[in-house]
>>> print(open('protein.cif').read())   # mmCIF, C-alpha atoms
data_protein
loop_
_atom_site.label_atom_id
_atom_site.label_comp_id
_atom_site.auth_asym_id
_atom_site.auth_seq_id
_atom_site.Cartn_x
_atom_site.Cartn_y
_atom_site.Cartn_z
CA MET A 1 96.98 78.56 78.92
CA ALA A 2 95.73 79.79 82.29
CA ASN A 3 97.40 83.15 81.57
CA PHE A 4 95.20 83.55 78.47
CA ILE A 5 92.04 83.30 80.58
CA ASP A 6 93.53 85.54 83.28
CA ASN A 7 94.32 88.17 80.66
CA LEU A 8 90.78 88.33 79.32
CA PRO A 9 88.74 91.23 80.72
CA THR A 10 85.85 90.74 83.11
CA TYR A 11 82.57 92.63 83.24
CA GLN A 12 82.40 95.84 85.25
CA ASN A 13 79.38 94.90 87.32
CA TYR A 14 78.21 91.58 88.75
CA ARG A 15 75.32 90.46 90.91
CA ASP A 16 74.84 87.37 93.03
CA PHE A 17 72.47 85.07 91.21
CA GLY A 18 71.82 82.94 94.28
CA MET A 19 72.37 79.60 92.55
CA GLU A 20 75.57 77.68 93.21
CA CYS A 21 75.83 76.25 89.70
CA HIS A 22 75.97 79.78 88.23
CA GLY A 23 77.59 81.92 90.94
CA SER A 24 77.82 85.68 90.36
CA ILE A 25 76.75 86.78 86.88
CA PRO A 26 77.08 90.03 84.90
CA SER A 27 74.52 92.54 86.19
CA HIS A 28 72.80 92.99 82.81
CA TRP A 29 72.36 89.24 82.18
CA ALA A 30 68.93 87.73 82.73
CA ALA A 31 67.98 84.19 83.69
CA LEU A 32 64.84 82.54 82.37
CA PRO A 33 63.04 79.33 83.30
CA ASN A 34 63.50 76.79 80.53
CA LYS A 35 59.78 76.76 79.79
CA TYR A 36 60.37 80.14 78.09
CA ILE A 37 63.41 78.86 76.17
CA PHE A 38 62.56 75.30 75.09
CA ASP A 39 59.48 73.63 73.67
CA LEU A 40 59.07 69.98 74.60
CA LYS A 41 58.77 67.64 71.61
CA LYS A 42 57.39 64.11 71.56
CA ASP A 43 56.79 63.17 67.95
CA LEU A 44 56.70 59.36 67.81
CA VAL A 45 57.74 57.79 64.53
CA GLY A 46 55.19 54.98 64.91
CA ARG A 47 55.03 52.66 61.94
CA ARG A 48 57.19 55.02 59.85
CA SER A 49 60.41 54.02 61.65
CA SER A 50 61.87 52.57 58.44
CA GLU A 51 61.90 56.10 57.02
CA TYR A 52 64.26 57.41 59.73
CA THR A 53 67.97 57.17 60.47
CA LEU A 54 68.68 55.71 63.90
CA LEU A 55 70.52 58.22 66.11
CA SER A 56 72.40 57.88 69.38
CA LEU A 57 73.58 60.29 72.11
CA THR A 58 77.30 59.75 72.70
CA LEU A 59 80.40 61.52 74.02
CA ASN A 60 80.65 62.98 70.51
CA GLY A 61 77.11 64.33 70.63
CA VAL A 62 74.17 63.11 68.58
CA ILE A 63 75.48 60.77 65.90
CA LYS A 64 74.17 58.30 63.36
CA ARG A 65 74.20 54.80 64.83
CA ASP A 66 76.23 52.23 62.94
CA MET A 67 73.75 49.55 61.90
CA GLU A 68 76.38 47.50 60.06
CA ASN A 69 78.43 47.04 63.24
CA PRO A 70 75.77 47.36 65.94
CA GLU A 71 76.64 47.54 69.61
CA GLY A 72 74.17 47.02 72.41
CA LYS A 73 70.59 45.83 72.20
CA PHE A 74 67.90 46.82 69.73
CA PRO A 75 64.14 46.67 70.31
CA ALA A 76 61.98 44.41 68.18
CA GLU A 77 60.14 47.50 66.95
CA PHE A 78 61.00 51.21 66.87
CA ASP A 79 57.42 52.50 67.06
CA THR A 80 58.02 54.28 70.39
CA TYR A 81 61.14 56.09 69.13
CA GLN A 82 60.81 59.83 68.60
CA GLU A 83 61.71 62.13 65.77
CA VAL A 84 64.77 64.39 66.04
CA SER A 85 65.38 67.30 63.65
CA PRO A 86 68.47 69.45 63.08
CA GLY A 87 68.57 72.09 65.83
CA ASP A 88 66.83 69.90 68.43
CA PHE A 89 68.40 69.26 71.81
CA VAL A 90 68.48 65.70 73.13
CA PHE A 91 68.72 65.35 76.92
CA CYS A 92 69.19 62.21 78.97
CA LEU A 93 67.40 63.22 82.17
CA PHE A 94 67.81 59.90 84.01
CA ASP A 95 70.99 58.28 85.37
CA VAL A 96 72.45 61.76 84.81
CA GLU A 97 75.38 61.25 87.19
CA GLU A 98 76.47 58.01 85.50
CA THR A 99 75.82 59.08 81.89
CA PRO A 100 79.10 60.22 80.25
CA ARG A 101 77.26 62.87 78.25
CA ALA A 102 73.65 63.79 78.91
CA ILE A 103 73.11 66.55 76.32
CA GLY A 104 73.50 66.90 72.58
CA LEU A 105 72.52 69.40 69.89
CA SER A 106 71.51 67.44 66.82
CA SER A 107 72.63 68.38 63.32
CA LEU A 108 70.87 65.29 61.92
CA HIS A 109 67.34 64.22 61.11
CA GLY A 110 66.39 60.83 62.47
CA MET A 111 64.90 58.99 65.43
CA ILE A 112 66.11 58.29 68.94
CA THR A 113 64.87 56.24 71.87
CA GLY A 114 61.80 57.57 73.61
CA ALA A 115 63.68 57.34 76.93
CA TYR A 116 65.43 60.61 76.05
CA THR A 117 63.81 64.03 76.16
CA VAL A 118 63.83 66.17 73.03
CA PHE A 119 63.49 69.96 73.19
CA ARG A 120 63.31 72.59 70.46
CA PRO A 121 64.83 75.95 71.46
CA ARG A 122 62.86 79.04 70.50
CA SER A 123 64.21 81.36 67.83
CA ALA A 124 65.06 84.17 70.29
CA PHE A 125 67.92 82.10 71.73
CA ASP A 126 71.24 81.08 70.20
CA LYS A 127 71.48 77.29 69.91
CA ALA A 128 75.27 77.21 70.02
CA PHE A 129 75.36 79.24 73.25
CA LEU A 130 72.78 76.94 74.83
CA GLU A 131 74.82 73.91 73.80
CA TYR A 132 77.98 75.27 75.43
CA PHE A 133 75.97 76.30 78.49
CA TYR A 134 74.56 72.82 79.05
CA LEU A 135 77.75 70.99 78.09
CA ASN A 136 79.41 73.00 80.84
CA LEU A 137 76.75 72.01 83.39
CA ASP A 138 76.88 68.39 82.28
CA SER A 139 80.68 68.03 82.21
CA GLY A 140 80.86 69.16 85.83
CA LYS A 141 77.63 67.36 86.80
CA ARG A 142 76.53 70.66 88.32
CA LEU A 143 72.82 69.83 88.38
CA ARG A 144 72.99 67.31 91.22
CA PHE A 145 70.65 69.45 93.31
CA LEU A 146 67.91 68.68 90.75
CA TYR A 147 68.27 64.87 90.95
CA LYS A 148 65.49 62.76 92.41
CA GLY A 149 65.34 59.05 93.22
CA LEU A 150 67.84 56.23 93.00
CA ARG A 151 68.33 56.79 89.25
CA ASN A 152 69.37 60.45 89.60
CA THR A 153 66.47 61.65 87.47
CA ILE A 154 65.58 65.24 86.57
CA SER A 155 61.85 65.42 85.85
CA LYS A 156 60.66 67.38 82.84
CA ASP A 157 58.78 69.81 85.09
CA VAL A 158 61.89 70.45 87.18
CA PHE A 159 64.00 70.95 84.07
CA LEU A 160 61.49 73.37 82.57
CA ALA A 161 61.50 75.37 85.83
CA PHE A 162 65.31 75.49 85.95
CA LYS A 163 66.72 78.91 85.03
CA THR A 164 69.18 79.19 82.14
CA LEU A 165 71.46 82.21 81.96
CA ASN A 166 70.28 84.55 79.23
CA PRO A 167 72.74 87.22 78.05
CA PRO A 168 71.53 89.59 75.32
CA ILE A 169 71.29 87.65 72.05
CA HIS A 170 74.25 89.45 70.46
CA GLU A 171 76.40 88.42 73.45
CA GLN A 172 75.20 84.83 73.17
CA ARG A 173 76.40 84.79 69.56
CA LEU A 174 79.74 86.42 70.38
CA ILE A 175 80.34 83.93 73.23
CA ALA A 176 79.43 80.97 71.01
CA ARG A 177 81.65 82.22 68.17
CA PHE A 178 84.57 82.80 70.55
CA LEU A 179 84.23 79.33 72.07
CA SER A 180 83.86 77.70 68.67
CA VAL A 181 87.22 79.10 67.55
CA LYS A 182 89.08 78.50 70.82
CA THR A 183 87.77 74.99 71.49
CA ALA A 184 88.59 73.98 67.90
CA GLN A 185 92.17 75.13 68.50
CA ILE A 186 92.33 73.18 71.77
CA ASP A 187 90.84 70.07 70.15
CA GLN A 188 93.39 70.29 67.35
CA ALA A 189 96.23 70.49 69.89
CA ILE A 190 94.80 67.45 71.71
CA GLN A 191 94.54 65.50 68.44
CA ILE A 192 98.17 66.27 67.59
CA LYS A 193 99.30 64.94 70.97
CA GLU A 194 97.06 61.87 70.66
CA ARG A 195 98.63 61.13 67.27
CA GLN A 196 102.08 61.51 68.86
CA ILE A 197 101.08 58.95 71.50
CA GLU A 198 99.85 56.54 68.82
CA ARG A 199 103.09 56.99 66.91
CA LEU A 200 105.14 56.30 70.04
CA LYS A 201 103.12 53.14 70.64
CA GLU A 202 103.66 52.06 67.02
CA LEU A 203 107.41 52.65 67.36
CA LYS A 204 107.39 50.66 70.59
CA GLN A 205 105.66 47.75 68.84
CA ILE A 206 108.14 47.91 65.95
CA LEU A 207 111.06 47.92 68.39
CA ILE A 208 109.71 44.91 70.29
CA GLN A 209 108.86 43.04 67.08
CA LYS A 210 112.36 43.57 65.73
CA ALA A 211 114.07 42.64 69.00
CA VAL A 212 112.17 39.37 69.57
CA THR A 213 112.43 38.18 65.95
CA ARG A 214 115.79 39.59 64.82
CA GLY A 215 117.77 39.95 68.05
CA LEU A 216 120.04 42.85 68.98
CA ASP A 217 123.09 42.15 66.83
CA PRO A 218 122.62 43.77 63.40
CA HIS A 219 125.66 41.83 62.10
CA ALA A 220 124.50 38.36 63.17
CA PRO A 221 124.28 35.80 60.33
CA MET A 222 120.64 35.25 59.33
CA ARG A 223 118.71 32.32 57.90
CA ASP A 224 115.22 31.74 56.59
CA SER A 225 112.97 30.58 59.42
CA GLY A 226 110.85 28.62 56.95
CA ILE A 227 107.77 30.45 58.20
CA GLU A 228 106.37 33.12 55.90
CA TRP A 229 105.10 35.51 58.57
CA ILE A 230 108.37 35.40 60.51
CA GLY A 231 110.89 35.59 57.68
CA GLU A 232 114.59 35.62 58.50
CA ILE A 233 115.94 34.99 62.00
CA PRO A 234 119.46 34.83 63.49
CA ALA A 235 121.09 31.64 62.24
CA HIS A 236 121.76 30.27 65.74
CA TRP A 237 118.17 30.68 66.94
CA HIS A 238 115.76 27.72 67.06
CA VAL A 239 112.20 27.45 65.77
CA MET A 240 110.27 25.08 68.00
CA ALA A 241 106.73 23.97 68.74
CA ASN A 242 105.53 24.82 72.24
CA ARG A 243 105.05 21.18 73.12
CA ALA A 244 108.85 21.00 73.39
CA LEU A 245 109.11 24.18 75.46
CA PHE A 246 106.33 24.14 78.04
CA ARG A 247 104.33 21.86 80.30
CA GLU A 248 100.89 22.65 81.67
CA ARG A 249 100.46 23.58 85.33
CA VAL A 250 97.21 22.45 86.96
CA GLU A 251 97.59 23.03 90.71
CA ALA A 252 94.84 24.19 93.02
CA GLY A 253 95.19 27.67 94.47
CA HIS A 254 94.38 28.61 98.07
CA ASP A 255 92.81 31.59 99.78
CA ASP A 256 96.10 33.12 100.93
CA LEU A 257 97.21 33.76 97.35
CA PRO A 258 96.40 37.01 95.52
CA LEU A 259 94.01 36.80 92.60
CA LEU A 260 95.76 37.64 89.31
CA SER A 261 94.34 38.51 85.93
CA VAL A 262 95.69 38.93 82.39
CA SER A 263 95.07 42.13 80.45
CA ILE A 264 95.48 42.57 76.70
CA HIS A 265 97.20 45.87 77.55
CA SER A 266 99.40 45.19 80.57
CA GLY A 267 99.92 41.44 80.89
CA VAL A 268 99.59 39.67 84.26
CA SER A 269 98.78 41.80 87.29
CA GLU A 270 96.97 41.56 90.60
CA GLU A 271 93.23 41.92 90.21
CA GLU A 272 91.63 44.58 92.37
CA VAL A 273 88.38 43.36 93.90
CA SER A 274 86.41 45.78 96.04
CA GLU A 275 84.53 44.76 99.16
CA GLU A 276 81.27 45.67 97.39
CA GLU A 277 82.08 43.34 94.51
CA ASN A 278 82.85 40.57 96.99
CA ILE A 279 79.52 41.11 98.72
CA ARG A 280 77.72 41.00 95.38
CA GLY A 281 79.26 37.61 94.74
CA ARG A 282 81.81 38.45 92.08
CA VAL A 283 84.54 36.49 93.85
CA LYS A 284 83.30 34.20 96.58
CA ILE A 285 85.43 31.79 98.59
CA GLU A 286 83.54 28.81 97.18
CA ASP A 287 84.20 30.08 93.66
CA LYS A 288 87.95 29.74 94.27
CA THR A 289 88.02 25.97 94.70
CA LYS A 290 88.88 25.52 91.02
CA TYR A 291 91.29 28.43 90.77
CA ILE A 292 94.78 27.58 89.54
CA ARG A 293 98.05 28.36 91.31
CA VAL A 294 100.68 30.27 89.32
CA CYS A 295 104.33 30.90 90.10
CA PRO A 296 106.89 33.48 88.99
CA GLY A 297 108.26 32.48 85.60
CA ASP A 298 105.02 30.88 84.37
CA ILE A 299 103.15 31.98 81.25
CA ALA A 300 99.42 32.60 81.82
CA PHE A 301 96.82 33.23 79.15
CA ASN A 302 93.10 33.74 79.09
CA MET A 303 91.71 31.02 76.84
CA MET A 304 88.85 33.27 75.71
CA ARG A 305 91.02 36.31 74.90
CA ALA A 306 94.38 34.90 73.86
CA TRP A 307 93.48 35.72 70.25
CA GLN A 308 93.43 39.38 71.38
CA GLY A 309 96.78 39.21 73.17
CA ALA A 310 95.67 38.36 76.73
CA ILE A 311 98.86 36.50 77.63
CA GLY A 312 101.78 37.33 79.89
CA ALA A 313 104.58 36.29 82.22
CA VAL A 314 103.79 35.75 85.91
CA ARG A 315 105.96 37.78 88.29
CA VAL A 316 104.40 36.95 91.67
CA GLU A 317 102.89 33.81 93.13
CA GLY A 318 99.12 33.86 93.00
CA MET A 319 96.11 32.16 91.49
CA VAL A 320 94.03 32.69 88.40
CA SER A 321 90.57 31.80 87.13
CA PRO A 322 90.02 28.31 85.69
CA ALA A 323 89.34 30.14 82.39
CA TYR A 324 93.12 30.60 82.20
CA THR A 325 95.79 28.15 81.08
CA ILE A 326 99.22 28.05 82.71
CA ALA A 327 102.37 27.07 80.79
CA VAL A 328 105.57 26.31 82.70
CA PRO A 329 108.76 26.88 80.63
CA ARG A 330 111.52 24.30 80.65
CA PRO A 331 114.91 25.36 82.17
CA ASN A 332 116.91 28.07 80.37
CA LEU A 333 113.79 29.85 79.13
CA ASP A 334 112.75 33.28 80.41
CA ALA A 335 108.97 33.80 80.40
CA ARG A 336 109.36 37.57 80.08
CA TYR A 337 110.94 37.17 76.62
CA PHE A 338 108.08 34.95 75.50
CA GLU A 339 105.53 37.45 76.82
CA TYR A 340 106.99 40.09 74.50
CA GLN A 341 107.08 37.62 71.61
CA TYR A 342 103.52 36.37 72.10
CA ARG A 343 102.10 39.89 72.30
CA THR A 344 103.40 40.91 68.85
CA PRO A 345 100.81 41.03 66.03
CA GLY A 346 102.23 38.04 64.16
CA PHE A 347 102.10 35.73 67.15
CA ILE A 348 98.66 36.99 68.20
CA GLN A 349 97.46 36.02 64.71
CA GLN A 350 99.01 32.60 65.22
CA MET A 351 97.11 32.18 68.50
CA ASP A 352 93.96 33.25 66.67
CA ARG A 353 94.50 30.53 64.05
CA TYR A 354 94.84 27.85 66.71
CA SER A 355 91.83 29.02 68.70
CA LYS A 356 88.59 27.08 68.32
CA GLY A 357 85.14 28.57 68.06
CA ILE A 358 82.47 29.66 65.61
CA THR A 359 82.69 33.41 66.29
CA ASP A 360 85.34 35.68 67.76
CA PHE A 361 83.69 35.91 71.16
CA ARG A 362 83.36 32.15 71.41
CA LYS A 363 86.95 31.36 70.47
CA ARG A 364 89.12 29.44 72.92
CA LEU A 365 92.85 28.72 72.82
CA TYR A 366 93.07 25.38 74.61
CA TRP A 367 96.24 23.69 75.79
CA ASP A 368 96.27 21.43 72.70
CA GLY A 369 96.24 24.53 70.50
CA PHE A 370 98.92 26.32 72.54
CA LYS A 371 101.21 23.29 72.23
CA GLN A 372 101.18 23.65 68.45
CA LEU A 373 102.28 27.29 68.39
CA ILE A 374 105.62 27.90 66.70
CA THR A 375 108.02 29.92 68.87
CA LEU A 376 111.41 31.51 68.28
CA VAL A 377 113.98 30.45 70.88
CA PRO A 378 117.26 32.36 71.21
CA PRO A 379 119.87 31.32 73.82
CA VAL A 380 118.80 32.33 77.33
CA GLU A 381 121.55 34.98 77.56
CA GLU A 382 120.08 36.68 74.49
CA GLN A 383 116.56 36.34 75.85
CA ARG A 384 117.60 38.30 78.95
CA ALA A 385 119.56 40.87 76.95
CA ILE A 386 116.48 41.43 74.76
CA ILE A 387 114.31 41.82 77.88
CA GLU A 388 116.67 44.42 79.34
CA PHE A 389 116.86 46.30 76.03
CA ILE A 390 113.05 46.40 75.68
CA GLU A 391 112.47 47.43 79.30
CA GLN A 392 114.99 50.27 79.06
CA ALA A 393 113.41 51.49 75.84
CA MET A 394 109.95 51.24 77.41
CA LEU A 395 111.01 53.42 80.34
CA LYS A 396 111.78 56.26 77.92
CA GLN A 397 108.71 55.61 75.80
CA ASN A 398 106.40 55.39 78.82
CA ALA A 399 107.82 58.64 80.21
CA ALA A 400 107.18 60.38 76.87
CA VAL A 401 103.62 59.01 76.71
CA ALA A 402 102.95 60.03 80.33
CA LEU A 403 104.11 63.58 79.58
CA LEU A 404 101.85 63.81 76.53
CA GLU A 405 98.90 62.41 78.49
CA GLN A 406 99.53 64.98 81.20
CA GLN A 407 99.55 67.74 78.58
CA ILE A 408 96.28 66.42 77.11
CA SER A 409 94.72 66.41 80.58
CA LYS A 410 95.79 70.03 81.10
CA LEU A 411 94.34 71.02 77.71
CA LYS A 412 91.01 69.38 78.58
CA GLU A 413 90.97 71.15 81.94
CA TYR A 414 91.74 74.44 80.21
CA LYS A 415 88.95 73.88 77.69
CA ALA A 416 86.44 73.14 80.47
CA THR A 417 87.55 76.22 82.42
CA LEU A 418 87.34 78.42 79.33
CA ILE A 419 83.80 77.27 78.50
CA ASN A 420 82.65 77.66 82.11
CA SER A 421 84.19 81.13 82.35
CA ALA A 422 82.57 82.31 79.12
CA VAL A 423 79.03 80.95 79.54
CA THR A 424 78.73 82.15 83.14
CA GLY A 425 80.20 85.60 82.46
CA LYS A 426 83.38 85.17 84.50
CA ILE A 427 85.21 86.59 81.48
CA LYS A 428 84.13 89.03 78.80
CA VAL A 429 84.90 87.69 75.35
CA PRO A 430 86.24 90.04 72.63
CA ASP A 431 83.82 92.52 71.01
CA VAL A 432 81.28 92.39 73.86
CA VAL A 433 80.22 95.86 74.97
CA GLU A 434 78.40 96.28 78.30
CA PRO A 435 75.43 98.64 78.65
CA THR A 436 77.46 100.79 81.06
CA GLU A 437 80.19 101.18 78.42
CA ILE A 438 77.60 102.26 75.86
CA GLU A 439 76.24 104.88 78.29
CA GLU A 440 79.76 106.16 79.03
CA ARG A 441 80.46 106.53 75.31
CA GLU A 442 77.19 108.41 74.77
CA ILE A 443 78.02 110.84 77.65
CA ALA A 444 81.54 111.40 76.31
#
>>> encode(input="protein.cif", output="structure tokens")
Amino acid sequence: MANFIDNLPTYQNYRDFGMECHGSIPSHWAALPNKYIFDLKKDLVGRRSSEYTLLSLTLNGVIKRDMENPEGKFPAEFDTYQEVSPGDFVFCLFDVEETPRAIGLSSLHGMITGAYTVFRPRSAFDKAFLEYFYLNLDSGKRLRFLYKGLRNTISKDVFLAFKTLNPPIHEQRLIARFLSVKTAQIDQAIQIKERQIERLKELKQILIQKAVTRGLDPHAPMRDSGIEWIGEIPAHWHVMANRALFRERVEAGHDDLPLLSVSIHSGVSEEEVSEEENIRGRVKIEDKTKYIRVCPGDIAFNMMRAWQGAIGAVRVEGMVSPAYTIAVPRPNLDARYFEYQYRTPGFIQQMDRYSKGITDFRKRLYWDGFKQLITLVPPVEEQRAIIEFIEQAMLKQNAAVALLEQQISKLKEYKATLINSAVTGKIKVPDVVEPTEIEEREIA
């Protein structure tokens, strides 16, 4: 990938532009203050808001906001929202450093919050080139020198005075066309690898599901479990309610113990709490008086998120929030096996059914509900064999996923480098002819 960029030609002549965010630029390129490139818009929708589609600036650019599944807060009225037309640029010029994406070229007609700044580029400039140019500046947060105040704000006057690189219009179009093709190819390669990761994760879930409900012996006699969503199980396995398998642990923790948490992705792990968070009161000593001690071999679950799979086996002594429930297995039970079982889709659905609450985000799986869960119980030797089998398989799967994620990271880096190199003139894209080359041809 890097070789492709290295093999592209560069311009014959460069000059120092004197601005760190641009560096040296081709000698024949100009740079214009934005007041000559963009016209500021501020067309409020007023009482006509019902006539407009609600838009949002996201990592995917300017998109239609999903009103059927809304996220975040909505104002009581949209009168102060502003009109956006296809071809307009939407900039978030406040909290720039923290905003994942602060620029978008709209292909939609609608309205967007008045907190954003909307510009219309003039016809003498290529919109696609300008989009790549500002995506490049935004992705690297290269406009820090323009920030003012605690909220990292770029004022409209400062933005309009900022100089945008301005190659001849035919070069702008060639650069935009080149990047459109190449970034589409890179995005396609990334999507293929992301699908491979999803497939590996699906195969991992299938493997775990099969191991914890069918065992490892394909020739073992089977019987009907009597439970529709489980189906057949090895004949010598037991189907038991949790009341016969676990007791509740309610023991006070103490300050010497690490604070643990349960993730829906990774089970039980030590919670990282920064000094700043401590100072801000996130975890104060007095808050820990009701924290619960946990021991290796316990099962811990977050009452509020068990229905999402926030349950796992404890591997180190520690303490957890009083929002968690701790189940201690009886002898000859290995909590790691039950972690894998409880994190399969069928058992998560069972925890959902036994959780109480009006809406999803108010659901709680209390101890009385956990006691009623139906669990598959193989002999302890099989539990441990299943654990070893799953963990060995996960080592290979995790290594494959890590490799794909590394490749995706490299592709994203390559894409960013390619865009930066093209829009700042570090490379000369195909079909571009410099003025000096034209003169040489005329002399020849």
>>> residues_around(input="protein.cif", residues="A:Val96", least_positions_apart="4", cutoff="12 Å", atoms="all atoms listed in the file", output="ChimeraX atom specification")
/A:91-92,100-103,116,137-155
>>> resolve_selection(input="protein.cif", expression="the PyMOL selection byres ((chain A and resi 173-187) around 7)", output="ChimeraX atom specification")
/A:126,128-129,169-172,188-191,411,415,419,422,429
>>> resolve_selection(input="protein.cif", expression="the PyMOL selection byres ((chain A and resi 15) around 6)", output="list in words")
Tyr14, Asp16, Ser24, Ile25 and Ser27 of chain A
>>> write_last_selection(input="protein.cif", atoms="C-alpha atoms", output="mmCIF file, in the frame of the given file")
data_model
loop_
_atom_site.group_PDB
_atom_site.id
_atom_site.type_symbol
_atom_site.label_atom_id
_atom_site.label_comp_id
_atom_site.auth_asym_id
_atom_site.auth_seq_id
_atom_site.Cartn_x
_atom_site.Cartn_y
_atom_site.Cartn_z
ATOM 1 C CA TYR A 14 78.210 91.580 88.750
ATOM 2 C CA ASP A 16 74.840 87.370 93.030
ATOM 3 C CA SER A 24 77.820 85.680 90.360
ATOM 4 C CA ILE A 25 76.750 86.780 86.880
ATOM 5 C CA SER A 27 74.520 92.540 86.190
#
>>> closest_residue(input="protein.cif", among="A:Gln397, A:Lys428, A:Leu403, A:Thr213", to="A:Pro345", atoms="all atoms listed in the file")
A:Thr213
>>> atom_distance(input="protein.cif", atom1="atom CA of A:Met351", atom2="atom CA of A:Val239")
16.0 Å
>>> residues_near_point(input="protein.cif", point="(120.7, 25.7, 79.1)", cutoff="9 Å", atoms="all atoms listed in the file", output="ChimeraX atom specification")
/A:331-333,379-380
>>> closest_residue(input="protein.cif", among="A:Glu77, A:Ser49, A:Tyr132, A:Lys156", to="A:Ser421", atoms="all atoms listed in the file")
A:Tyr132
>>> resolve_selection(input="protein.cif", expression="the PyMOL selection byres ((chain A and resi 401) around 12)", output="PDB file with C-alpha atoms, keeping the file's coordinate frame")
ATOM      1  CA  LYS A 193      99.300  64.940  70.970  1.00  0.00           C
ATOM      2  CA  GLU A 194      97.060  61.870  70.660  1.00  0.00           C
ATOM      3  CA  ARG A 195      98.630  61.130  67.270  1.00  0.00           C
ATOM      4  CA  GLN A 196     102.080  61.510  68.860  1.00  0.00           C
ATOM      5  CA  ILE A 197     101.080  58.950  71.500  1.00  0.00           C
ATOM      6  CA  GLU A 198      99.850  56.540  68.820  1.00  0.00           C
ATOM      7  CA  ARG A 199     103.090  56.990  66.910  1.00  0.00           C
ATOM      8  CA  LEU A 200     105.140  56.300  70.040  1.00  0.00           C
ATOM      9  CA  LYS A 201     103.120  53.140  70.640  1.00  0.00           C
ATOM     10  CA  GLU A 202     103.660  52.060  67.020  1.00  0.00           C
ATOM     11  CA  LEU A 203     107.410  52.650  67.360  1.00  0.00           C
ATOM     12  CA  LYS A 204     107.390  50.660  70.590  1.00  0.00           C
ATOM     13  CA  MET A 394     109.950  51.240  77.410  1.00  0.00           C
ATOM     14  CA  LEU A 395     111.010  53.420  80.340  1.00  0.00           C
ATOM     15  CA  LYS A 396     111.780  56.260  77.920  1.00  0.00           C
ATOM     16  CA  GLN A 397     108.710  55.610  75.800  1.00  0.00           C
ATOM     17  CA  ASN A 398     106.400  55.390  78.820  1.00  0.00           C
ATOM     18  CA  ALA A 399     107.820  58.640  80.210  1.00  0.00           C
ATOM     19  CA  ALA A 400     107.180  60.380  76.870  1.00  0.00           C
ATOM     20  CA  ALA A 402     102.950  60.030  80.330  1.00  0.00           C
ATOM     21  CA  LEU A 403     104.110  63.580  79.580  1.00  0.00           C
ATOM     22  CA  LEU A 404     101.850  63.810  76.530  1.00  0.00           C
ATOM     23  CA  GLU A 405      98.900  62.410  78.490  1.00  0.00           C
ATOM     24  CA  GLN A 406      99.530  64.980  81.200  1.00  0.00           C
ATOM     25  CA  GLN A 407      99.550  67.740  78.580  1.00  0.00           C
ATOM     26  CA  ILE A 408      96.280  66.420  77.110  1.00  0.00           C
TER      27      ILE A 408
END
>>> build_atoms(input="protein.cif", residues="stretch 189-200 of chain A", atoms="N, CA and C atoms", output="CSV table (one decimal), in the frame of the given file")
chain,number,residue,atom,x,y,z
A,189,ALA,N,95.0,70.8,69.1
A,189,ALA,CA,96.2,70.5,69.9
A,189,ALA,C,96.2,69.1,70.6
A,190,ILE,N,95.0,68.8,71.1
A,190,ILE,CA,94.8,67.4,71.7
A,190,ILE,C,95.0,66.3,70.7
A,191,GLN,N,94.4,66.5,69.5
A,191,GLN,CA,94.5,65.5,68.4
A,191,GLN,C,96.0,65.3,68.0
A,192,ILE,N,96.7,66.4,68.0
A,192,ILE,CA,98.2,66.3,67.6
A,192,ILE,C,98.9,65.4,68.6
A,193,LYS,N,98.6,65.7,69.9
A,193,LYS,CA,99.3,64.9,71.0
A,193,LYS,C,98.8,63.5,71.0
A,194,GLU,N,97.6,63.3,70.7
A,194,GLU,CA,97.1,61.9,70.7
A,194,GLU,C,97.7,61.1,69.5
A,195,ARG,N,97.9,61.8,68.4
A,195,ARG,CA,98.6,61.1,67.3
A,195,ARG,C,100.1,60.8,67.6
A,196,GLN,N,100.7,61.8,68.4
A,196,GLN,CA,102.1,61.5,68.9
A,196,GLN,C,102.1,60.3,69.8
A,197,ILE,N,101.1,60.1,70.6
A,197,ILE,CA,101.1,59.0,71.5
A,197,ILE,C,100.9,57.7,70.7
A,198,GLU,N,100.0,57.7,69.7
A,198,GLU,CA,99.8,56.5,68.8
A,198,GLU,C,101.1,56.2,68.1
A,199,ARG,N,101.8,57.2,67.6
A,199,ARG,CA,103.1,57.0,66.9
A,199,ARG,C,104.1,56.4,67.8
A,200,LEU,N,104.2,56.9,69.1
A,200,LEU,CA,105.1,56.3,70.0
A,200,LEU,C,104.8,54.8,70.3
